[in-house]
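Structure first, commentary second.
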Amino acid sequence: MAVGPALRLGPVLLISLWGASAPASLLRRLGEHIQRLQESSVLGLSLGPGAAALPKEGWLEQPLDPFNTSDRRSFLQRYWVNDQHWASQDGPVFLHLGGEGSLWPGSVMRGHPAALAPACGALVIGLEHRFYGLSVPAGGLDIAQLRFLSSRHALADVVSARLALSRLLNVSSSSPWVCFGGSYAGSLAAWARLKFPHLIFAAVASSAPVRAVLDFSAYNEVVSRSLTSTAIGGSPECLAAASTAFTEVERRLRAGGAARAALRAELGACASLDRAEDRAELLGALQAVVGGAVQYDGQAGAPLSVRQLCGLLEGRGNGSRPTPYRGLRQAVQIVLHRLGQRCLSLSRAETVAQLRVTEPQVSSVGDRQWMYQTCTEFGFYVTCEDPKCPFSQLPALPSQLELCEQVFGLSTSSIAQAVAQTNSYYGGQTPGATQVLFVNGDTDPWHVLSVTQALGPSVSALLIPSASHCLDMAPERPSDSSSLCLGRQSIFQQLQTWLRLAKESPGRSEV
């Protein structure tokens, strides 16, 4: 076990997956905000009277290039350990994989897998993803370094960490290891079981977008459908109001002059909006305000729920004559206030400049790293170019792909090829793994890229009604819906089935 590196980045946890344009940046900060509030809640409870000790922080020395044994360079990867419920050395190990952001103590303390550990007598370990949080290799984030950032590198880290931690923590060779993860990390959990079934006994993959896609137009299709869902406070009138609000924004942008200047001030655009590319950045950020309310609906710390957003757009409880544009403006103000931000969008040039910064201290949110992964593996570029899409058709796919060229020098054809290779390597929505449970919420726009129906007797799928992104992993609350509570019970029952199977199967050897 190594000591921590001198480099210290901010306490960031991310669960959004978009690239790094204006809408992507806003959604990532929404995810960060929610996770940090939940983290604060976890730490507050843990430091209270009679609380258990905080989990242990450790560091593993990992090869920078695990696929080249002649390359002796290494980096330090952070992990967390919660052993307060570990019943015996041959008990199960729950490995919580980090994704595109920092992994902090709460990952092994509340929510699942930590909430499942007491009943299972499990050891809980959280493993931070390479190049995120404090697990950034020395040398910065230039292109030469980023070629060691991919899901395949991350899975190699899982293998070496699983073997090293077994020795360090004196885990029995017969202990079953179960991977957990949410969002991109949920995909990693499923892929770890797929590629290394001799080391990973099972996996729970929450909100895991296992199918890479270049043009993710289906995201806004789910957003639109969710805005009409009465179960979460939506309605057809709400969707119509959202569409009307965007139409008004575009009208004022076209009008120019005083109308455009007033809109810039009212919506927190820090660019002049004279350039078409800067207007597209604003429109994309506005889509993220609406999409964020859907993606994180009902989560502790979310600035807006669907019910609240629809109330603003429809002018519910507003004594003055309501307009959808005024409601959208109020939604923007609420989000900016909760995030502590002055700007909803920046100029395209400033966005590019920020993404080109290679010093980890400046890029601590992980925007540059995650954008590199979208350009070289996943795509995930959210668009609204279909005439049926109720929001603005900007930013269009070509402008999003252009960011990969502007920041990393990657062509559009190379991105499309990378997306196809990812699906070929992992299998897309038919990954071929066994003993994997895919968990999704039907409100979450990302569920359409996951597995929502069982693929056989050993690959189960759970689609929770009215649940948002990774909501099953969040700490339990009294306000949780009955469908969410039932979903969590199903996860526990599946886990019990696997652990019984592990006891009945022959011992698993370290290899």
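Letters A, B, ... mark the chains of the structure tokens in the order given; residue numbers begin at 1 per chain; ligand numbers begin at 1, in order shown.
The list of residues with at least one atom within 10 Å of Ala164 of chain A, based on only C-alpha atoms and without residues fewer than 4 positions apart in the same chain, reads Met1, Leu60, Glu61, Gln62, Val158, Val159, Ser160, Leu168, Leu169 and Asn170 of chain A.
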**OP:** Could you give me the residues within segment 193-230 of chain A that DSSP places in helix (DSSP H, G or I), as an MDAnalysis selection string?
**Re:** chainID A and resid 193:195 218:227 230
Selection export as a short mmCIF file (atom, residue, chain, number, x, y, z; two decimals), in the first residue's frame, atoms kept: N, CA, C and O atoms:
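That gives us part12.cif:
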data_model
loop_
_atom_site.label_atom_id
_atom_site.label_comp_id
_atom_site.auth_asym_id
_atom_site.auth_seq_id
_atom_site.Cartn_x
_atom_site.Cartn_y
_atom_site.Cartn_z
N ARG A 193 -17.41 -8.46 -15.22
CA ARG A 193 -17.93 -9.83 -15.14
C ARG A 193 -17.83 -10.52 -16.51
O ARG A 193 -17.49 -11.71 -16.60
N LEU A 194 -18.10 -9.77 -17.58
CA LEU A 194 -18.05 -10.32 -18.93
C LEU A 194 -16.64 -10.79 -19.29
O LEU A 194 -16.46 -11.91 -19.80
N LYS A 195 -15.65 -9.95 -19.03
CA LYS A 195 -14.28 -10.24 -19.46
C LYS A 195 -13.48 -11.06 -18.46
O LYS A 195 -12.52 -11.75 -18.85
N ALA A 218 -32.14 9.74 -28.81
CA ALA A 218 -33.15 9.11 -27.95
C ALA A 218 -33.17 9.74 -26.56
O ALA A 218 -34.17 9.61 -25.84
N TYR A 219 -32.10 10.41 -26.17
CA TYR A 219 -32.08 11.07 -24.86
C TYR A 219 -33.25 12.04 -24.75
O TYR A 219 -34.03 11.99 -23.79
N ASN A 220 -33.38 12.93 -25.72
CA ASN A 220 -34.45 13.93 -25.66
C ASN A 220 -35.82 13.33 -25.90
O ASN A 220 -36.84 13.91 -25.51
N GLU A 221 -35.88 12.17 -26.55
CA GLU A 221 -37.16 11.47 -26.69
C GLU A 221 -37.67 11.04 -25.31
O GLU A 221 -38.86 11.18 -25.00
N VAL A 222 -36.77 10.53 -24.48
CA VAL A 222 -37.16 10.13 -23.12
C VAL A 222 -37.48 11.36 -22.28
O VAL A 222 -38.43 11.35 -21.49
N VAL A 223 -36.69 12.41 -22.43
CA VAL A 223 -36.97 13.65 -21.69
C VAL A 223 -38.38 14.14 -22.02
O VAL A 223 -39.16 14.49 -21.13
N SER A 224 -38.71 14.14 -23.31
CA SER A 224 -40.05 14.60 -23.72
C SER A 224 -41.14 13.72 -23.12
O SER A 224 -42.15 14.23 -22.60
N ARG A 225 -40.95 12.43 -23.18
CA ARG A 225 -41.94 11.50 -22.63
C ARG A 225 -42.08 11.69 -21.12
O ARG A 225 -43.20 11.66 -20.58
N SER A 226 -40.97 11.88 -20.44
CA SER A 226 -41.02 12.03 -18.99
C SER A 226 -41.72 13.32 -18.58
O SER A 226 -42.38 13.38 -17.53
N LEU A 227 -41.57 14.38 -19.39
CA LEU A 227 -42.25 15.63 -19.06
C LEU A 227 -43.77 15.51 -19.15
O LEU A 227 -44.49 16.35 -18.59
N THR A 230 -47.59 11.93 -15.70
CA THR A 230 -48.29 12.45 -14.51
C THR A 230 -47.77 11.83 -13.22
O THR A 230 -47.92 12.42 -12.14
#
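The two atoms in question, atom CA of Gly487 of chain A and atom CA of Val439 of chain A, are spaced 8.4 Å apart.
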Counting only C-alpha atoms, which residues in segment 207-312 of chain A sit no more than 7 Å from segment 332-339 of chain A? For each one, give the nearest pair of atoms and the distance in Å, sorted by chain then residue number, as JSON lines.
{"residue": "A:Leu267", "atom": "CA", "partner": "A:Val332", "partner_atom": "CA", "distance": 6.5}
{"residue": "A:Val289", "atom": "CA", "partner": "A:Val332", "partner_atom": "CA", "distance": 6.8}
{"residue": "A:Pro303", "atom": "CA", "partner": "A:Val335", "partner_atom": "CA", "distance": 5.7}
Just the selected residues (C-alpha atoms), exported as a compact mmCIF listing (two decimals), in the first residue's frame, please.
# COMPACT_ATOMS: atom_id res chain seq x y z
CA LEU A 267 -30.56 33.51 -19.02
CA VAL A 289 -31.61 22.49 -17.52
CA PRO A 303 -32.19 21.77 -7.90
Original post:
Leaving out Gln400 of chain A and any residue of its chain fewer than 3 positions from it, which residues lie within 10 Å of it when counting only C-alpha atoms, given as an MDAnalysis selection string?
Top reply: chainID A and resid 19:21 215 375 379 381:383 394:397 403:405 412
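When DSSP reads the backbone of this structure, the residues of segment 289-392 of chain A it assigns to strand (DSSP E or B) are Ser345, Gly379, Phe380 and Tyr381 of chain A.
Shell of Gly121 of chain A at 7 Å, with only C-alpha atoms counted and residues fewer than 3 places along the chain excluded, is His85, Trp86, Ala87, Gly91, Ala117 and Pro118 of chain A.
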Just the selected residues (N, CA and C atoms), exported as a tab-separated table (two decimals), in the first residue's frame, please.
chain	number	residue	atom	x	y	z
A	85	HIS	N	-18.71	-4.42	8.48
A	85	HIS	CA	-19.71	-5.49	8.41
A	85	HIS	C	-19.12	-6.82	7.92
A	86	TRP	N	-17.83	-6.85	7.71
A	86	TRP	CA	-17.17	-8.03	7.17
A	86	TRP	C	-17.18	-9.14	8.22
A	87	ALA	N	-17.93	-10.18	7.97
A	87	ALA	CA	-18.15	-11.21	8.99
A	87	ALA	C	-17.01	-12.21	9.09
A	91	GLY	N	-15.98	-14.25	3.55
A	91	GLY	CA	-17.24	-13.58	3.23
A	91	GLY	C	-17.13	-12.87	1.89
A	117	ALA	N	-24.35	-4.55	2.61
A	117	ALA	CA	-23.25	-5.25	3.27
A	117	ALA	C	-23.62	-5.87	4.62
A	118	PRO	N	-24.36	-5.19	5.50
A	118	PRO	CA	-24.62	-5.78	6.82
A	118	PRO	C	-25.32	-7.14	6.75
